[in-house]
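S.K.: Supplied structure: start-v5.tsv, TSV, C-alpha atoms.
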```
chain	number	residue	atom	x	y	z
A	1	VAL	CA	-52.64	25.26	10.52
A	2	THR	CA	-52.88	24.52	6.83
A	3	ARG	CA	-50.89	26.51	4.32
A	4	ILE	CA	-52.44	27.53	1.01
A	5	ILE	CA	-50.19	28.06	-2.00
A	6	ASP	CA	-51.59	29.91	-4.99
A	7	ILE	CA	-50.32	28.23	-8.18
A	8	THR	CA	-52.20	30.59	-10.50
A	9	ARG	CA	-50.55	33.19	-12.73
A	10	PRO	CA	-52.17	36.63	-12.64
A	11	LEU	CA	-54.27	37.87	-15.56
A	12	ARG	CA	-53.63	41.40	-16.82
A	13	GLY	CA	-54.29	43.46	-19.89
A	14	ASP	CA	-50.76	43.50	-21.26
A	15	MET	CA	-49.94	39.84	-20.69
A	16	GLU	CA	-48.46	37.66	-23.38
A	17	VAL	CA	-50.83	35.11	-24.87
A	18	TYR	CA	-50.37	31.98	-26.99
A	19	PRO	CA	-49.95	32.98	-30.66
A	20	GLY	CA	-53.38	33.54	-32.21
A	21	ASP	CA	-55.23	33.54	-28.89
A	22	PRO	CA	-57.56	36.46	-28.14
A	23	PRO	CA	-55.74	39.29	-26.33
A	24	VAL	CA	-56.52	40.06	-22.70
A	25	SER	CA	-58.11	43.34	-21.70
A	26	VAL	CA	-59.33	44.66	-18.36
A	27	THR	CA	-61.31	47.89	-18.74
A	28	PRO	CA	-62.45	49.58	-15.53
A	29	MET	CA	-65.53	51.81	-15.55
A	30	VAL	CA	-67.79	53.44	-12.97
A	31	LEU	CA	-71.36	52.14	-12.76
A	32	GLY	CA	-73.84	53.47	-10.19
A	33	GLY	CA	-71.05	54.64	-7.91
A	34	ALA	CA	-69.21	51.33	-8.08
A	35	ARG	CA	-66.11	50.36	-9.96
A	36	VAL	CA	-66.67	47.43	-12.33
A	37	SER	CA	-64.55	46.14	-15.21
A	38	ALA	CA	-65.15	44.67	-18.64
A	39	LEU	CA	-62.97	41.60	-19.15
A	40	GLN	CA	-61.86	40.05	-22.43
A	41	LEU	CA	-59.71	36.95	-22.57
A	42	GLY	CA	-59.33	33.61	-24.27
A	43	SER	CA	-60.61	30.35	-22.83
A	44	HIS	CA	-56.99	29.05	-22.70
A	45	THR	CA	-55.34	32.19	-21.34
A	46	GLY	CA	-53.05	32.16	-18.33
A	47	THR	CA	-53.50	29.31	-15.88
A	48	HIS	CA	-56.30	27.32	-17.50
A	49	VAL	CA	-57.97	23.97	-17.97
A	50	ASP	CA	-58.54	22.14	-21.25
A	51	ALA	CA	-61.86	20.35	-21.67
A	52	PRO	CA	-62.36	17.47	-24.12
A	53	LEU	CA	-64.11	19.84	-26.56
A	54	HIS	CA	-60.74	21.61	-27.06
A	55	PHE	CA	-59.69	18.73	-29.36
A	56	VAL	CA	-62.45	16.09	-29.34
A	57	GLU	CA	-65.34	16.69	-31.75
A	58	GLY	CA	-68.54	16.40	-29.70
A	59	GLY	CA	-66.57	16.21	-26.44
A	60	TYR	CA	-67.98	17.76	-23.31
A	61	GLY	CA	-67.28	21.26	-22.09
A	62	VAL	CA	-65.40	22.69	-19.14
A	63	ASP	CA	-68.62	23.06	-17.12
A	64	GLU	CA	-69.03	19.27	-17.19
A	65	LEU	CA	-65.55	18.35	-15.94
A	66	PRO	CA	-65.96	16.16	-12.86
A	67	LEU	CA	-65.22	18.14	-9.71
A	68	ASP	CA	-63.75	15.06	-8.07
A	69	ALA	CA	-60.98	15.09	-10.69
A	70	LEU	CA	-60.29	18.79	-10.04
A	71	VAL	CA	-60.15	18.39	-6.25
A	72	GLY	CA	-58.01	15.91	-4.35
A	73	GLU	CA	-54.55	14.59	-3.63
A	74	VAL	CA	-51.90	15.62	-6.14
A	75	VAL	CA	-48.22	14.75	-6.62
A	76	VAL	CA	-45.97	17.65	-7.64
A	77	SER	CA	-42.85	16.27	-9.27
A	78	ARG	CA	-39.90	16.85	-11.58
A	79	GLN	CA	-40.33	13.36	-13.01
A	80	VAL	CA	-43.24	11.64	-14.68
A	81	LEU	CA	-44.65	9.08	-12.27
A	82	PRO	CA	-47.99	7.34	-11.88
A	83	ALA	CA	-50.57	9.30	-9.89
A	84	GLU	CA	-54.24	10.18	-10.01
A	85	ARG	CA	-53.27	13.86	-10.21
A	86	LEU	CA	-49.78	14.95	-11.29
A	87	LEU	CA	-48.25	18.42	-11.66
A	88	LEU	CA	-44.91	18.67	-13.48
A	89	PHE	CA	-42.20	21.26	-12.99
A	90	ASP	CA	-40.96	22.51	-16.36
A	91	GLY	CA	-42.19	19.31	-17.95
A	92	ASN	CA	-44.37	17.90	-20.62
A	93	LEU	CA	-45.47	14.44	-21.71
A	94	SER	CA	-44.60	12.19	-24.63
A	95	VAL	CA	-47.36	10.03	-26.09
A	96	ASP	CA	-45.85	7.01	-24.34
A	97	ASP	CA	-45.74	8.81	-20.98
A	98	ALA	CA	-49.34	9.91	-21.42
A	99	GLN	CA	-50.55	6.42	-22.34
A	100	GLU	CA	-48.79	4.88	-19.36
A	101	LEU	CA	-50.22	7.48	-16.99
A	102	VAL	CA	-53.72	6.92	-18.37
A	103	ASP	CA	-53.28	3.16	-17.93
A	104	HIS	CA	-52.40	3.83	-14.28
A	105	GLY	CA	-55.53	5.86	-13.60
A	106	LEU	CA	-54.48	9.46	-14.30
A	107	ARG	CA	-57.38	11.92	-13.93
A	108	LEU	CA	-55.59	15.29	-14.07
A	109	VAL	CA	-52.17	16.43	-15.24
A	110	GLY	CA	-50.68	19.90	-15.05
A	111	THR	CA	-47.56	21.79	-16.03
A	112	ASP	CA	-46.05	25.21	-15.48
A	113	ARG	CA	-45.26	25.32	-19.20
A	114	ILE	CA	-47.79	26.78	-21.59
A	115	THR	CA	-48.57	23.34	-23.03
A	116	ILE	CA	-48.41	19.73	-21.85
A	117	GLU	CA	-46.66	18.52	-25.04
A	118	GLU	CA	-43.93	19.60	-27.40
A	119	GLU	CA	-45.23	22.30	-29.72
A	120	GLY	CA	-45.39	21.99	-33.47
A	121	GLY	CA	-47.07	18.60	-33.92
A	122	ASP	CA	-50.64	17.48	-34.36
A	123	HIS	CA	-51.28	17.50	-30.58
A	124	PRO	CA	-51.33	13.71	-30.10
A	125	VAL	CA	-50.87	14.02	-26.33
A	126	HIS	CA	-53.78	16.42	-25.93
A	127	LYS	CA	-55.96	14.14	-28.04
A	128	LEU	CA	-54.97	11.05	-26.07
A	129	LEU	CA	-55.50	12.68	-22.66
A	130	LEU	CA	-58.71	14.52	-23.50
A	131	GLY	CA	-60.07	11.45	-25.28
A	132	ALA	CA	-59.45	9.50	-22.07
A	133	GLY	CA	-61.25	12.12	-19.97
A	134	VAL	CA	-58.09	13.44	-18.31
A	135	VAL	CA	-58.18	17.09	-17.24
A	136	ILE	CA	-55.20	19.13	-18.54
A	137	LEU	CA	-54.03	22.11	-16.50
A	138	GLU	CA	-51.49	24.43	-18.16
A	139	THR	CA	-49.45	27.56	-17.44
A	140	LEU	CA	-49.28	27.06	-13.70
A	141	ASP	CA	-46.99	29.00	-11.40
A	142	LEU	CA	-45.08	26.38	-9.42
A	143	SER	CA	-42.28	28.73	-8.36
A	144	ALA	CA	-43.30	28.65	-4.68
A	145	VAL	CA	-43.87	24.88	-4.53
A	146	GLU	CA	-41.57	22.11	-3.32
A	147	PRO	CA	-41.97	18.63	-4.81
A	148	GLY	CA	-44.33	16.54	-2.72
A	149	THR	CA	-47.92	15.59	-2.08
A	150	TYR	CA	-50.64	18.20	-1.55
A	151	GLN	CA	-54.37	18.69	-1.80
A	152	LEU	CA	-55.20	20.36	-5.12
A	153	VAL	CA	-58.23	22.54	-5.72
A	154	CYS	CA	-58.41	23.63	-9.35
A	155	LEU	CA	-61.56	25.57	-10.19
A	156	PRO	CA	-62.09	26.71	-13.78
A	157	LEU	CA	-64.77	29.25	-14.64
A	158	LYS	CA	-68.07	27.46	-15.31
A	159	VAL	CA	-68.51	28.52	-18.92
A	160	GLU	CA	-71.29	26.44	-20.44
A	161	GLY	CA	-70.21	24.16	-23.27
A	162	CYS	CA	-66.80	25.81	-23.58
A	163	ASP	CA	-63.57	24.14	-24.76
A	164	GLY	CA	-61.68	25.26	-21.66
A	165	ALA	CA	-61.54	28.08	-19.17
A	166	PRO	CA	-59.19	30.17	-17.09
A	167	ALA	CA	-58.89	28.66	-13.64
A	168	ARG	CA	-57.74	29.50	-10.16
A	169	ALA	CA	-55.71	26.68	-8.68
A	170	ILE	CA	-54.36	26.26	-5.17
A	171	LEU	CA	-52.41	23.67	-3.25
A	172	ILE	CA	-53.21	22.98	0.38
A	173	ALA	CA	-50.13	21.79	2.25
A	174	PRO	CA	-50.50	19.48	5.24
B	1	VAL	CA	-66.15	9.81	0.79
B	2	THR	CA	-66.56	13.55	0.59
B	3	ARG	CA	-69.29	15.11	-1.48
B	4	ILE	CA	-68.60	18.23	-3.53
B	5	ILE	CA	-71.49	20.60	-4.27
B	6	ASP	CA	-71.02	23.17	-7.01
B	7	ILE	CA	-72.63	26.45	-5.90
B	8	THR	CA	-71.65	28.35	-9.06
B	9	ARG	CA	-74.10	29.51	-11.71
B	10	PRO	CA	-73.06	28.77	-15.29
B	11	LEU	CA	-71.81	31.54	-17.56
B	12	ARG	CA	-73.23	31.71	-21.09
B	13	GLY	CA	-73.55	34.18	-23.92
B	14	ASP	CA	-77.24	34.94	-23.54
B	15	MET	CA	-77.33	35.23	-19.75
B	16	GLU	CA	-78.97	38.12	-18.00
B	17	VAL	CA	-76.58	40.60	-16.39
B	18	TYR	CA	-76.97	43.36	-13.82
B	19	PRO	CA	-78.27	46.52	-15.53
B	20	GLY	CA	-75.35	48.39	-17.11
B	21	ASP	CA	-72.89	45.51	-16.72
B	22	PRO	CA	-70.95	44.40	-19.80
B	23	PRO	CA	-72.79	41.65	-21.72
B	24	VAL	CA	-71.42	38.11	-21.76
B	25	SER	CA	-70.20	36.55	-24.98
B	26	VAL	CA	-68.55	33.21	-25.71
B	27	THR	CA	-67.23	33.02	-29.27
B	28	PRO	CA	-65.73	29.69	-30.37
B	29	MET	CA	-63.11	29.60	-33.11
B	30	VAL	CA	-60.65	27.08	-34.53
B	31	LEU	CA	-56.96	27.78	-33.98
B	32	GLY	CA	-54.25	25.38	-35.15
B	33	GLY	CA	-56.67	22.46	-35.17
B	34	ALA	CA	-57.95	23.21	-31.67
B	35	ARG	CA	-61.18	24.77	-30.55
B	36	VAL	CA	-60.67	27.89	-28.43
B	37	SER	CA	-63.09	30.64	-27.44
B	38	ALA	CA	-62.99	34.38	-26.95
B	39	LEU	CA	-64.71	35.34	-23.70
B	40	GLN	CA	-66.21	38.69	-22.76
B	41	LEU	CA	-67.83	39.32	-19.42
B	42	GLY	CA	-68.01	41.75	-16.53
B	43	SER	CA	-65.98	41.45	-13.37
B	44	HIS	CA	-69.24	41.10	-11.38
B	45	THR	CA	-71.04	38.72	-13.73
B	46	GLY	CA	-72.65	35.50	-12.53
B	47	THR	CA	-71.28	34.00	-9.35
B	48	HIS	CA	-68.58	36.50	-8.39
B	49	VAL	CA	-66.55	38.08	-5.63
B	50	ASP	CA	-66.37	41.79	-4.77
B	51	ALA	CA	-62.96	43.19	-3.83
B	52	PRO	CA	-62.53	46.36	-1.76
B	53	LEU	CA	-61.69	48.32	-4.93
B	54	HIS	CA	-65.33	47.81	-6.05
B	55	PHE	CA	-66.36	50.58	-3.63
B	56	VAL	CA	-63.28	51.68	-1.66
B	57	GLU	CA	-61.08	54.26	-3.37
B	58	GLY	CA	-57.53	52.91	-3.29
B	59	GLY	CA	-58.73	49.55	-1.94
B	60	TYR	CA	-56.98	46.37	-2.98
B	61	GLY	CA	-57.96	44.19	-5.90
B	62	VAL	CA	-59.39	40.70	-6.20
B	63	ASP	CA	-55.92	39.19	-6.73
B	64	GLU	CA	-54.97	40.32	-3.22
B	65	LEU	CA	-57.92	38.83	-1.37
B	66	PRO	CA	-56.57	36.53	1.34
B	67	LEU	CA	-56.94	32.89	0.34
B	68	ASP	CA	-57.56	31.92	3.95
B	69	ALA	CA	-60.77	33.99	3.86
B	70	LEU	CA	-61.89	32.28	0.65
B	71	VAL	CA	-61.19	28.76	1.92
B	72	GLY	CA	-62.48	27.27	5.17
B	73	GLU	CA	-65.48	26.40	7.28
B	74	VAL	CA	-68.72	28.10	6.27
B	75	VAL	CA	-72.23	28.22	7.72
B	76	VAL	CA	-75.07	28.06	5.19
B	77	SER	CA	-78.20	29.50	6.76
B	78	ARG	CA	-81.60	31.07	6.25
B	79	GLN	CA	-80.94	33.42	9.16
B	80	VAL	CA	-78.18	35.91	9.83
B	81	LEU	CA	-75.93	34.51	12.54
B	82	PRO	CA	-72.35	35.14	13.61
B	83	ALA	CA	-69.77	33.12	11.69
B	84	GLU	CA	-66.37	33.57	10.08
B	85	ARG	CA	-67.94	32.65	6.74
B	86	LEU	CA	-71.70	32.85	6.14
B	87	LEU	CA	-73.81	32.04	3.07
B	88	LEU	CA	-77.43	33.18	3.09
B	89	PHE	CA	-80.36	31.60	1.28
B	90	ASP	CA	-82.42	34.29	-0.44
B	91	GLY	CA	-81.06	36.83	1.98
B	92	ASN	CA	-79.26	40.09	2.27
B	93	LEU	CA	-77.90	42.22	5.08
B	94	SER	CA	-78.97	45.45	6.73
B	95	VAL	CA	-76.27	47.85	7.89
B	96	ASP	CA	-76.91	46.76	11.48
B	97	ASP	CA	-76.59	43.07	10.55
B	98	ALA	CA	-73.38	43.76	8.68
B	99	GLN	CA	-71.86	45.73	11.56
B	100	GLU	CA	-72.73	43.02	14.06
B	101	LEU	CA	-71.25	40.30	11.84
B	102	VAL	CA	-68.07	42.32	11.36
B	103	ASP	CA	-67.83	42.83	15.12
B	104	HIS	CA	-68.03	39.04	15.50
B	105	GLY	CA	-65.17	38.35	13.09
B	106	LEU	CA	-66.91	37.89	9.72
B	107	ARG	CA	-64.40	37.34	6.88
B	108	LEU	CA	-66.69	36.29	3.99
B	109	VAL	CA	-70.42	36.59	3.34
B	110	GLY	CA	-72.37	35.25	0.39
B	111	THR	CA	-75.88	35.19	-1.00
B	112	ASP	CA	-77.75	33.53	-3.84
B	113	ARG	CA	-79.29	36.90	-4.63
B	114	ILE	CA	-77.55	39.21	-7.09
B	115	THR	CA	-76.56	41.61	-4.31
B	116	ILE	CA	-75.92	41.41	-0.56
B	117	GLU	CA	-78.05	44.50	0.19
B	118	GLU	CA	-81.35	46.03	-0.83
B	119	GLU	CA	-81.00	47.73	-4.18
B	120	GLY	CA	-81.56	51.41	-4.79
B	121	GLY	CA	-79.49	53.01	-2.03
B	122	ASP	CA	-75.95	54.27	-1.78
B	123	HIS	CA	-74.57	50.79	-1.05
B	124	PRO	CA	-73.83	51.31	2.65
B	125	VAL	CA	-73.56	47.57	3.34
B	126	HIS	CA	-71.03	47.02	0.55
B	127	LYS	CA	-69.00	49.97	1.80
B	128	LEU	CA	-69.07	48.75	5.37
B	129	LEU	CA	-68.12	45.16	4.52
B	130	LEU	CA	-65.47	45.97	1.92
B	131	GLY	CA	-64.03	48.68	4.16
B	132	ALA	CA	-63.68	46.05	6.89
B	133	GLY	CA	-61.93	43.65	4.50
B	134	VAL	CA	-64.85	41.22	4.28
B	135	VAL	CA	-65.13	39.25	1.02
B	136	ILE	CA	-68.58	39.48	-0.61
B	137	LEU	CA	-69.77	36.57	-2.74
B	138	GLU	CA	-72.92	37.14	-4.80
B	139	THR	CA	-75.24	35.31	-7.22
B	140	LEU	CA	-74.57	31.85	-5.83
B	141	ASP	CA	-76.62	28.80	-6.70
B	142	LEU	CA	-77.66	27.31	-3.36
B	143	SER	CA	-80.51	25.24	-4.78
B	144	ALA	CA	-78.78	21.92	-4.06
B	145	VAL	CA	-77.61	22.87	-0.55
B	146	GLU	CA	-79.15	22.08	2.84
B	147	PRO	CA	-78.53	24.48	5.72
B	148	GLY	CA	-75.50	23.42	7.72
B	149	THR	CA	-71.73	23.62	8.03
B	150	TYR	CA	-69.41	22.85	5.13
B	151	GLN	CA	-65.93	23.54	3.86
B	152	LEU	CA	-66.05	26.37	1.33
B	153	VAL	CA	-63.59	26.85	-1.50
B	154	CYS	CA	-64.33	30.04	-3.41
B	155	LEU	CA	-61.74	30.82	-6.09
B	156	PRO	CA	-62.13	34.02	-8.12
B	157	LEU	CA	-60.10	34.59	-11.29
B	158	LYS	CA	-56.79	36.20	-10.39
B	159	VAL	CA	-57.26	39.44	-12.32
B	160	GLU	CA	-54.54	41.86	-11.26
B	161	GLY	CA	-55.80	44.99	-9.52
B	162	CYS	CA	-59.42	44.32	-10.48
B	163	ASP	CA	-62.52	45.39	-8.50
B	164	GLY	CA	-63.90	41.85	-8.47
B	165	ALA	CA	-63.96	38.70	-10.56
B	166	PRO	CA	-66.15	35.80	-11.59
B	167	ALA	CA	-65.51	32.86	-9.30
B	168	ARG	CA	-66.05	29.16	-9.06
B	169	ALA	CA	-67.27	28.18	-5.63
B	170	ILE	CA	-67.80	24.74	-4.14
B	171	LEU	CA	-68.90	23.29	-0.83
B	172	ILE	CA	-67.28	20.15	0.49
B	173	ALA	CA	-69.69	18.21	2.68
B	174	PRO	CA	-68.37	16.01	5.48
```
Now, as a test, write the supplied structure out as structure tokens.

M.R.:
Amino acid sequence: VTRIIDITRPLRGDMEVYPGDPPVSVTPMVLGGARVSALQLGSHTGTHVDAPLHFVEGGYGVDELPLDALVGEVVVSRQVLPAERLLLFDGNLSVDDAQELVDHGLRLVGTDRITIEEEGGDHPVHKLLLGAGVVILETLDLSAVEPGTYQLVCLPLKVEGCDGAPARAILIAP
Amino acid sequence: VTRIIDITRPLRGDMEVYPGDPPVSVTPMVLGGARVSALQLGSHTGTHVDAPLHFVEGGYGVDELPLDALVGEVVVSRQVLPAERLLLFDGNLSVDDAQELVDHGLRLVGTDRITIEEEGGDHPVHKLLLGAGVVILETLDLSAVEPGTYQLVCLPLKVEGCDGAPARAILIAP
């Protein structure tokens, strides 16, 4: 029996967002006897994926991220270590870390923080990773996860030509 | 080598939506040197999942759908046949079909049409399925899929207490 761990934070109308990001709203209505809702949110709200277009002029959008980077074996760790897919507890990357990971074949990196690098700078880590085609996954919920190796499935909304998108991400434990 | 087939339709600002549904908009902006976008869409826009709350008063929301219904073996077929998870090409269900599938342990049913039942009625099939806790997945793109058995991963946005949500869905072929 496989065990599925949801590593996605919930989206809700009153949630805190990154300064300047569009606010989140969820507005239920009744339509033809059914309940439906109007949703407003930012492309980098909650658990989300960054596409190259977030920082790279002319980069591709979230709908063109390779699915074989978003799906596959992942290492969940407190330390930075070489892996094809790496999720960090309470961690972010320096430029040197990022370059070394890229040199070792990194395809996806994630964190439970709201950003993969120290805030306040000119985003050199984002630019390095996205320029190298690495998928960045931010604002995860890793509170129910033990360090180890899992199967990751990270599926962002398929928003055409968009700089990023909210995602649902799960770990499948052996 | 596994093959991943994306069965999700893209979301974009000018896309057609179900009559009365909120329109879709994707509005890019620049924020702190980064490109981010404001997204507006309906909870049942594009490839999406229906939660019980869509039709069942007091039913649970999309964030509470069991992940082990959304992930697992699926039969993709032109005919209605008993399965735990069933995706139909250009098909929908009658009330009798739906009842028989539920009796045989159906947990998820999907279609590449915009709705799982004939339009114009009082939605008896939706009410039956959602009342039985079956996940409904609508507006798939099955154009690149051959009939057969696959692993399905269908991950809707985790919108707290919402009647449904846009989803990204993939098939993993053996």

S.K.: Which of these, A:Leu140, A:Leu86, A:Ala34, A:Ile114, has the shortest distance to Thr8 of chain A once you count all atoms listed in the file?

M.R.: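 Closest to Thr8 of chain A of all the choices is A:Leu140.
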
S.K.: Mind pulling up the distance from atom CA of Gln151 of chain B to atom CA of Leu171 of chain B?

M.R.: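 We find that atom CA of Leu171 of chain B and atom CA of Gln151 of chain B lie 5.6 Å from each other.
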
S.K.: For Gly46 of chain A, which of B:Val159, B:Leu31, B:Val135, B:Leu88 is the closest residue, counting only C-alpha atoms?

M.R.: B:Val159

S.K.: Which residue gives the smallest distance to Ile4 of chain B among A:Gly110, A:Gly72, A:Pro19, A:Gly58, with all atoms listed in the file counted?

M.R.: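 The shortest atom-to-atom distance to Ile4 of chain B comes from A:Gly72.
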
S.K.: Could you fit chain B onto chain A by least squares over every C-alpha atom, paired in order, and give me the moved chain as a compact mmCIF listing (two decimals) with C-alpha atoms, keeping the file's coordinate frame?

M.R.:
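Result written to result-v9.txt:
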```txt
# COMPACT_ATOMS: atom_id res chain seq x y z
CA VAL B 1 -52.63 25.26 10.51
CA THR B 2 -52.86 24.53 6.83
CA ARG B 3 -50.88 26.51 4.31
CA ILE B 4 -52.45 27.53 1.01
CA ILE B 5 -50.18 28.06 -2.00
CA ASP B 6 -51.59 29.91 -4.99
CA ILE B 7 -50.32 28.24 -8.18
CA THR B 8 -52.20 30.59 -10.52
CA ARG B 9 -50.55 33.19 -12.73
CA PRO B 10 -52.17 36.63 -12.64
CA LEU B 11 -54.27 37.87 -15.55
CA ARG B 12 -53.64 41.40 -16.82
CA GLY B 13 -54.28 43.49 -19.89
CA ASP B 14 -50.76 43.51 -21.27
CA MET B 15 -49.95 39.84 -20.69
CA GLU B 16 -48.46 37.66 -23.36
CA VAL B 17 -50.83 35.10 -24.87
CA TYR B 18 -50.37 31.99 -26.98
CA PRO B 19 -49.95 32.98 -30.64
CA GLY B 20 -53.39 33.54 -32.20
CA ASP B 21 -55.24 33.54 -28.87
CA PRO B 22 -57.56 36.46 -28.13
CA PRO B 23 -55.74 39.31 -26.33
CA VAL B 24 -56.52 40.06 -22.70
CA SER B 25 -58.11 43.35 -21.71
CA VAL B 26 -59.33 44.67 -18.36
CA THR B 27 -61.30 47.90 -18.74
CA PRO B 28 -62.45 49.59 -15.52
CA MET B 29 -65.52 51.82 -15.54
CA VAL B 30 -67.79 53.45 -12.97
CA LEU B 31 -71.36 52.16 -12.76
CA GLY B 32 -73.84 53.49 -10.20
CA GLY B 33 -71.05 54.66 -7.92
CA ALA B 34 -69.22 51.33 -8.08
CA ARG B 35 -66.11 50.35 -9.96
CA VAL B 36 -66.67 47.43 -12.34
CA SER B 37 -64.56 46.14 -15.21
CA ALA B 38 -65.14 44.67 -18.64
CA LEU B 39 -62.97 41.59 -19.15
CA GLN B 40 -61.85 40.05 -22.43
CA LEU B 41 -59.71 36.96 -22.58
CA GLY B 42 -59.33 33.59 -24.26
CA SER B 43 -60.60 30.35 -22.84
CA HIS B 44 -57.00 29.05 -22.70
CA THR B 45 -55.36 32.20 -21.34
CA GLY B 46 -53.06 32.16 -18.33
CA THR B 47 -53.50 29.32 -15.89
CA HIS B 48 -56.31 27.32 -17.50
CA VAL B 49 -57.96 23.96 -17.96
CA ASP B 50 -58.54 22.13 -21.25
CA ALA B 51 -61.87 20.34 -21.68
CA PRO B 52 -62.36 17.46 -24.13
CA LEU B 53 -64.12 19.83 -26.56
CA HIS B 54 -60.75 21.60 -27.07
CA PHE B 55 -59.69 18.72 -29.35
CA VAL B 56 -62.44 16.08 -29.32
CA GLU B 57 -65.32 16.68 -31.73
CA GLY B 58 -68.52 16.40 -29.70
CA GLY B 59 -66.57 16.19 -26.44
CA TYR B 60 -67.97 17.75 -23.30
CA GLY B 61 -67.27 21.26 -22.10
CA VAL B 62 -65.41 22.69 -19.13
CA ASP B 63 -68.63 23.05 -17.12
CA GLU B 64 -69.02 19.26 -17.19
CA LEU B 65 -65.56 18.36 -15.94
CA PRO B 66 -65.96 16.18 -12.85
CA LEU B 67 -65.23 18.15 -9.69
CA ASP B 68 -63.75 15.06 -8.06
CA ALA B 69 -60.99 15.11 -10.70
CA LEU B 70 -60.29 18.79 -10.04
CA VAL B 71 -60.16 18.40 -6.26
CA GLY B 72 -58.02 15.90 -4.35
CA GLU B 73 -54.56 14.59 -3.64
CA VAL B 74 -51.90 15.61 -6.15
CA VAL B 75 -48.23 14.75 -6.64
CA VAL B 76 -45.97 17.64 -7.64
CA SER B 77 -42.85 16.26 -9.28
CA ARG B 78 -39.91 16.86 -11.58
CA GLN B 79 -40.33 13.37 -13.01
CA VAL B 80 -43.25 11.64 -14.67
CA LEU B 81 -44.66 9.08 -12.26
CA PRO B 82 -48.00 7.33 -11.88
CA ALA B 83 -50.57 9.29 -9.88
CA GLU B 84 -54.25 10.17 -10.00
CA ARG B 85 -53.27 13.84 -10.21
CA LEU B 86 -49.78 14.95 -11.30
CA LEU B 87 -48.24 18.41 -11.66
CA LEU B 88 -44.91 18.66 -13.48
CA PHE B 89 -42.20 21.26 -12.98
CA ASP B 90 -40.98 22.51 -16.36
CA GLY B 91 -42.20 19.32 -17.94
CA ASN B 92 -44.39 17.90 -20.61
CA LEU B 93 -45.47 14.45 -21.72
CA SER B 94 -44.60 12.19 -24.62
CA VAL B 95 -47.35 10.03 -26.09
CA ASP B 96 -45.84 7.00 -24.36
CA ASP B 97 -45.76 8.81 -21.00
CA ALA B 98 -49.35 9.91 -21.44
CA GLN B 99 -50.54 6.41 -22.34
CA GLU B 100 -48.77 4.88 -19.36
CA LEU B 101 -50.23 7.48 -16.98
CA VAL B 102 -53.72 6.91 -18.37
CA ASP B 103 -53.27 3.16 -17.94
CA HIS B 104 -52.40 3.83 -14.29
CA GLY B 105 -55.55 5.86 -13.61
CA LEU B 106 -54.48 9.46 -14.30
CA ARG B 107 -57.39 11.91 -13.93
CA LEU B 108 -55.60 15.30 -14.06
CA VAL B 109 -52.17 16.42 -15.25
CA GLY B 110 -50.67 19.89 -15.05
CA THR B 111 -47.55 21.78 -16.02
CA ASP B 112 -46.06 25.21 -15.48
CA ARG B 113 -45.26 25.31 -19.18
CA ILE B 114 -47.80 26.77 -21.59
CA THR B 115 -48.57 23.34 -23.03
CA ILE B 116 -48.40 19.72 -21.85
CA GLU B 117 -46.67 18.52 -25.05
CA GLU B 118 -43.92 19.61 -27.40
CA GLU B 119 -45.21 22.29 -29.73
CA GLY B 120 -45.36 21.99 -33.48
CA GLY B 121 -47.05 18.61 -33.95
CA ASP B 122 -50.62 17.49 -34.37
CA HIS B 123 -51.27 17.50 -30.61
CA PRO B 124 -51.31 13.72 -30.10
CA VAL B 125 -50.85 14.01 -26.33
CA HIS B 126 -53.78 16.42 -25.94
CA LYS B 127 -55.95 14.13 -28.05
CA LEU B 128 -54.97 11.07 -26.08
CA LEU B 129 -55.50 12.68 -22.67
CA LEU B 130 -58.71 14.52 -23.50
CA GLY B 131 -60.07 11.45 -25.27
CA ALA B 132 -59.45 9.49 -22.07
CA GLY B 133 -61.25 12.12 -19.98
CA VAL B 134 -58.09 13.43 -18.31
CA VAL B 135 -58.17 17.10 -17.25
CA ILE B 136 -55.20 19.13 -18.54
CA LEU B 137 -54.03 22.11 -16.50
CA GLU B 138 -51.49 24.42 -18.16
CA THR B 139 -49.45 27.57 -17.44
CA LEU B 140 -49.27 27.05 -13.69
CA ASP B 141 -46.99 29.01 -11.41
CA LEU B 142 -45.08 26.38 -9.43
CA SER B 143 -42.29 28.73 -8.36
CA ALA B 144 -43.29 28.65 -4.69
CA VAL B 145 -43.86 24.88 -4.54
CA GLU B 146 -41.57 22.10 -3.32
CA PRO B 147 -41.96 18.63 -4.81
CA GLY B 148 -44.32 16.53 -2.73
CA THR B 149 -47.93 15.59 -2.08
CA TYR B 150 -50.64 18.19 -1.55
CA GLN B 151 -54.37 18.67 -1.80
CA LEU B 152 -55.21 20.35 -5.10
CA VAL B 153 -58.23 22.53 -5.71
CA CYS B 154 -58.40 23.63 -9.34
CA LEU B 155 -61.57 25.56 -10.18
CA PRO B 156 -62.10 26.71 -13.77
CA LEU B 157 -64.80 29.26 -14.64
CA LYS B 158 -68.07 27.46 -15.29
CA VAL B 159 -68.51 28.51 -18.92
CA GLU B 160 -71.30 26.44 -20.43
CA GLY B 161 -70.22 24.15 -23.26
CA CYS B 162 -66.81 25.81 -23.57
CA ASP B 163 -63.58 24.13 -24.76
CA GLY B 164 -61.69 25.25 -21.66
CA ALA B 165 -61.56 28.08 -19.16
CA PRO B 166 -59.20 30.17 -17.08
CA ALA B 167 -58.89 28.67 -13.63
CA ARG B 168 -57.74 29.50 -10.16
CA ALA B 169 -55.72 26.69 -8.68
CA ILE B 170 -54.37 26.26 -5.17
CA LEU B 171 -52.41 23.67 -3.25
CA ILE B 172 -53.21 22.99 0.38
CA ALA B 173 -50.14 21.79 2.24
CA PRO B 174 -50.50 19.51 5.25
```

S.K.: Just give me the residues with any atom within 12 Å of (-77.5, 38.9, -17.7), file coordinates, counting all atoms listed in the file, written as a list in words.

M.R.: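 Within 12 Å of (-77.5, 38.9, -17.7), the protein and nucleic acid residues are Arg9, Pro10, Leu11, Arg12, Gly13, Asp14, Met15, Glu16, Val17, Tyr18, Pro19, Gly20, Asp21, Pro22, Pro23, Val24, Ser25, Leu41, Gly42, His44, Thr45, Gly46, Thr47, Ile114 and Thr139 of chain B.
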